[in-house]
Structure formats: C-alpha cells, structure tokens
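J.: One structure coming up, written as structure tokens, with questions to follow.
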Amino acid sequence: MSRPTLVAGNWKMHGSLAANLSLLTALRAGVTPALKPQVAVCVPTPYLAQVQSVLAGSPIAWGAQDVSEHAQGAYTGEISAGMLQDFGCRYTLVGHSERRAYHHETDAQVAAKAEAALKIGLTPILCVGETLEEREADATTQVVTRQLDAIIARLGAAGLSKSVIAYEPVWAIGTGKTATPQQAQAVHAMIRACIAQVDGTVADRLQILYGGSMKPANAKELMGQPDIDGGLIGGAALVATDFLAICNNA
Ligand code: PGA
C-alpha cells in the first residue's frame, strides 16, 4: 500500500524571530503544492504565532515539539494541546528522546500526552527509539516494543489511525551516524508488524518516519525503503537548502 510521505522538521531549541523569518520565507518559496511529500515544521512554542502568520495559506503545516498531558490547570510552564490548536498547529512531537532523557518522560506519560493531543484534533508524531547501549545489547526490539505497547494500550487502533510514528535511534540523533537503510527498514517493519497485531488496516496506513542525521545525501535511500514513509529532520531542518533538498528527494 502506498502511503503519503511526510517530511517534518524539528527545529529543537534553535531560532530567533529574524532567523526564522528568513528560513520560513525560503521554505515557503521552495515548497510548492506540486511537491510530492507533505511538509511540516515543529518549532519552539514562542514562535508559533510567527510561523502561523508567515506560513498562512502555504502547503506547509506546523506543530510544536511537546504538549502537556493536561487540558488546563495549575501546571506552571506547561502548554496544552488547546493552546497549540489556537496557533493553527496540525502536529506535535510527543516523546522525543531528548524529552525522555532530559525530562524523564515515561512511556505512560508519552502515551497520555498523545491522548491529550488527539482529543483536541492534533496529530501526535510519536517518537520511539533505542540508545546505543540498548542496540549493542540486542535490545532494540524489546525497547521499541515496550515504548509502543504503552502507546497502543492508551490510544488503541482509533488513536493510532490518527497518529504518526517516528523511529529515531538515539545513537543517530545529531551524531552524524545514520542508521543504514537496512537497519532502519528492519525496525520500521517491526513497528508496523507490532501495530498490525492491533489492526492490520491501521498498520498499512500508518506513516512511520525515520529520524537521526537524515541529510540530503542519505534521504533518498532511507525514504526509498518500503516501510519508511518520510523523515523527522533535526539539524538539516535549520538550513533551507538542505531541508528543501530532502523534501525534493522524498
Ligand atoms: P538530527 O535530529 O536530524 O539532528 O539527527 C533528529 C531529531 O532529533 O528529531
């Protein structure tokens, strides 16, 4: 089954009003409705208003990098899914490995955040992936399955049908070490098989992105794998020519 390709940028904690304006202007000019993949940028929350105004009417969607599991209340510093929706977000990253590692987000919390996003109508991009130690201990399948199980238990087939999954091996993020297309494909196929146990149609339709040092030079081969439906791009998403080259390779 052929699935639409999605190329999503993850700006992480980078940007300024001035730098964003030149990046977004270049993306707007480069991403035409004729471009094959769906394109999105996940930006730092303070810049959502800017992104909404600069990208209005363009084919580029936008989103946040995290969302609270709570709808509202006394949670100082948190941002709710409803607030993201106010700024036109279509997506939010959930459970990025940097959130799991530095903010101690648990599998259960990641699943709760995804549910909060879905409740408002946002598409969560659910990030999973193993560390280098886990890969070397041959625990990749076990770790990714554990992360998925928490999501499946909370969202069920209905929630998964409105979600995107991103496989991001932690050892490949920002390190310049990309998983080989074969390594990535193997995990993507495993993820799809895992979801197929819940619902075969949902698994067939599910977009599973690869993330971790994706660049113009390796994008085509990675996205050419049968179970890789796009990319979640960090570093290369900050350079308009690189990000557009990846979009053109999708
Ligand atoms: P990278 O980051 O492309 O810089 O490796 C990917 C990510 O963390 O989403």
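Residues are named by chain letter and number: chains run A, B, ... in the order of the structure tokens, numbers start at 1 in each chain, and ligands are numbered from 1 in the order shown.
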Skipping near chain neighbours, those fewer than 2 positions away, what residues fall within 12 Å of Met223 of chain A using only C-alpha atoms, listed as a PyMOL selection string?
T.: chain A and resi 3-7+37+180-182+184-185+188+207-211+214-221+225-232+246-250
J.: Taking only C-alpha atoms and all ligand atoms into account, report as a list in words which residues have an atom no farther than 8 Å from an atom of ligand 1.
T.: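 The residues near ligand 1 are Gly9, Asn10, Lys12, His96, Ser97, Glu98, Glu168, Ala172, Ile173, Gly174, Thr175, Gly176, Thr178, Gly211, Gly212, Ser213, Met214, Lys215, Leu232, Ile233, Gly234, Gly235, Ala236 and Ala237 of chain A.
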J.: Got a sec: who's within 7 Å of segment 31-34 of chain A, counting only C-alpha atoms, leaving out chain neighbours fewer than 3 positions off, as a JSON list (two decimals) with C-alpha atoms, in the first residue's frame?
T.:
```json
[["chain", "number", "residue", "atom", "x", "y", "z"],
["A", 27, "LEU", "CA", 10.68, 27.23, 2.73],
["A", 28, "ARG", "CA", 7.54, 28.98, 1.56],
["A", 59, "PRO", "CA", 1.11, 23.96, 1.89]]
```
J.: When you look at Val202 of chain A with a cut-off of 12 Å (counting only C-alpha atoms), what residues show up, excluding the ones that are within fewer than 2 positions of it in the same chain? I need them as a count of residues only.
T.: 26
J.: Could you give me, as a ChimeraX atom specification, each residue of segment 136-175 of chain A that DSSP assigns to helix (DSSP H, G or I) when run on this structure's backbone?
T.: /A:136,140-160,170-172
J.: For the selection you just gave me, I'd like the residues written to a file as a short mmCIF file (atom, residue, chain, number, x, y, z; two decimals), in the first residue's frame, keeping N, CA, C and O atoms.
T.:
```cif
data_model
loop_
_atom_site.label_atom_id
_atom_site.label_comp_id
_atom_site.auth_asym_id
_atom_site.auth_seq_id
_atom_site.Cartn_x
_atom_site.Cartn_y
_atom_site.Cartn_z
N GLU A 136 23.43 -2.24 21.28
CA GLU A 136 24.56 -3.17 21.41
C GLU A 136 24.22 -4.38 22.27
O GLU A 136 24.81 -5.44 22.12
N THR A 140 17.01 -3.71 20.90
CA THR A 140 16.25 -2.73 20.12
C THR A 140 14.76 -3.10 20.05
O THR A 140 13.89 -2.27 20.36
N THR A 141 14.48 -4.33 19.66
CA THR A 141 13.08 -4.75 19.51
C THR A 141 12.34 -4.65 20.83
O THR A 141 11.22 -4.14 20.90
N GLN A 142 13.01 -5.10 21.88
CA GLN A 142 12.39 -5.09 23.21
C GLN A 142 12.06 -3.65 23.65
O GLN A 142 10.95 -3.37 24.13
N VAL A 143 13.00 -2.73 23.45
CA VAL A 143 12.80 -1.34 23.90
C VAL A 143 11.71 -0.67 23.07
O VAL A 143 10.79 -0.04 23.62
N VAL A 144 11.79 -0.80 21.76
CA VAL A 144 10.81 -0.13 20.90
C VAL A 144 9.42 -0.73 21.13
O VAL A 144 8.42 -0.02 21.17
N THR A 145 9.36 -2.03 21.32
CA THR A 145 8.06 -2.68 21.59
C THR A 145 7.48 -2.18 22.91
O THR A 145 6.28 -1.90 23.01
N ARG A 146 8.34 -2.03 23.90
CA ARG A 146 7.86 -1.53 25.20
C ARG A 146 7.29 -0.10 25.05
O ARG A 146 6.22 0.22 25.56
N GLN A 147 8.02 0.74 24.28
CA GLN A 147 7.54 2.11 24.07
C GLN A 147 6.22 2.10 23.31
O GLN A 147 5.29 2.85 23.64
N LEU A 148 6.12 1.23 22.32
CA LEU A 148 4.88 1.14 21.52
C LEU A 148 3.72 0.59 22.33
O LEU A 148 2.58 1.07 22.20
N ASP A 149 4.00 -0.40 23.16
CA ASP A 149 2.93 -1.04 23.93
C ASP A 149 2.17 -0.02 24.78
O ASP A 149 0.94 -0.08 24.88
N ALA A 150 2.92 0.90 25.39
CA ALA A 150 2.27 1.91 26.24
C ALA A 150 1.35 2.78 25.40
O ALA A 150 0.24 3.14 25.81
N ILE A 151 1.82 3.11 24.19
CA ILE A 151 1.03 3.95 23.28
C ILE A 151 -0.21 3.19 22.80
O ILE A 151 -1.33 3.72 22.81
N ILE A 152 -0.01 1.94 22.41
CA ILE A 152 -1.13 1.11 21.91
C ILE A 152 -2.18 0.95 22.99
O ILE A 152 -3.39 1.08 22.74
N ALA A 153 -1.73 0.69 24.21
CA ALA A 153 -2.67 0.44 25.31
C ALA A 153 -3.55 1.67 25.54
O ALA A 153 -4.74 1.55 25.84
N ARG A 154 -2.97 2.83 25.40
CA ARG A 154 -3.72 4.06 25.71
C ARG A 154 -4.55 4.55 24.51
O ARG A 154 -5.67 5.02 24.67
N LEU A 155 -3.98 4.46 23.32
CA LEU A 155 -4.66 5.06 22.15
C LEU A 155 -5.55 4.08 21.40
O LEU A 155 -6.53 4.49 20.77
N GLY A 156 -5.20 2.81 21.43
CA GLY A 156 -5.95 1.82 20.66
C GLY A 156 -5.85 2.09 19.17
O GLY A 156 -5.15 3.02 18.73
N ALA A 157 -6.53 1.29 18.38
CA ALA A 157 -6.46 1.42 16.93
C ALA A 157 -6.99 2.77 16.47
O ALA A 157 -6.44 3.39 15.55
N ALA A 158 -8.05 3.27 17.13
CA ALA A 158 -8.65 4.53 16.70
C ALA A 158 -7.65 5.67 16.82
O ALA A 158 -7.50 6.50 15.91
N GLY A 159 -6.93 5.73 17.95
CA GLY A 159 -5.94 6.79 18.15
C GLY A 159 -4.75 6.64 17.22
O GLY A 159 -4.24 7.62 16.66
N LEU A 160 -4.31 5.41 17.03
CA LEU A 160 -3.15 5.16 16.16
C LEU A 160 -3.46 5.56 14.71
O LEU A 160 -2.57 6.00 13.98
N VAL A 170 18.45 6.69 19.12
CA VAL A 170 19.06 7.79 19.88
C VAL A 170 20.52 7.99 19.47
O VAL A 170 21.00 9.12 19.39
N TRP A 171 21.19 6.91 19.12
CA TRP A 171 22.60 6.99 18.76
C TRP A 171 22.83 7.68 17.41
O TRP A 171 23.96 8.02 17.06
N ALA A 172 21.76 7.89 16.66
CA ALA A 172 21.89 8.52 15.34
C ALA A 172 21.47 9.99 15.37
O ALA A 172 21.63 10.70 14.39
#
```
J.: Using only C-alpha atoms, which of the listed residues (A:Ala116, A:Ala166, A:Ala111, A:Val239) sits closest to Gln72 of chain A?
T.: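 Closest to Gln72 of chain A of all the choices is A:Ala116.
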J.: Of the candidates A:Leu84, A:Arg99, A:Val187, A:Glu105, which one gets nearest to Arg135 of chain A if we count only C-alpha atoms?
T.: A:Val187
J.: In Å, how far is it from atom CA of His70 of chain A to atom CA of His103 of chain A?
T.: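 That distance, rounded to one decimal, is 16.4 Å.
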J.: Just how far from atom CA of Gly77 of chain A is atom CA of Leu17 of chain A, in Å to one decimal?
T.: 21.2 Å
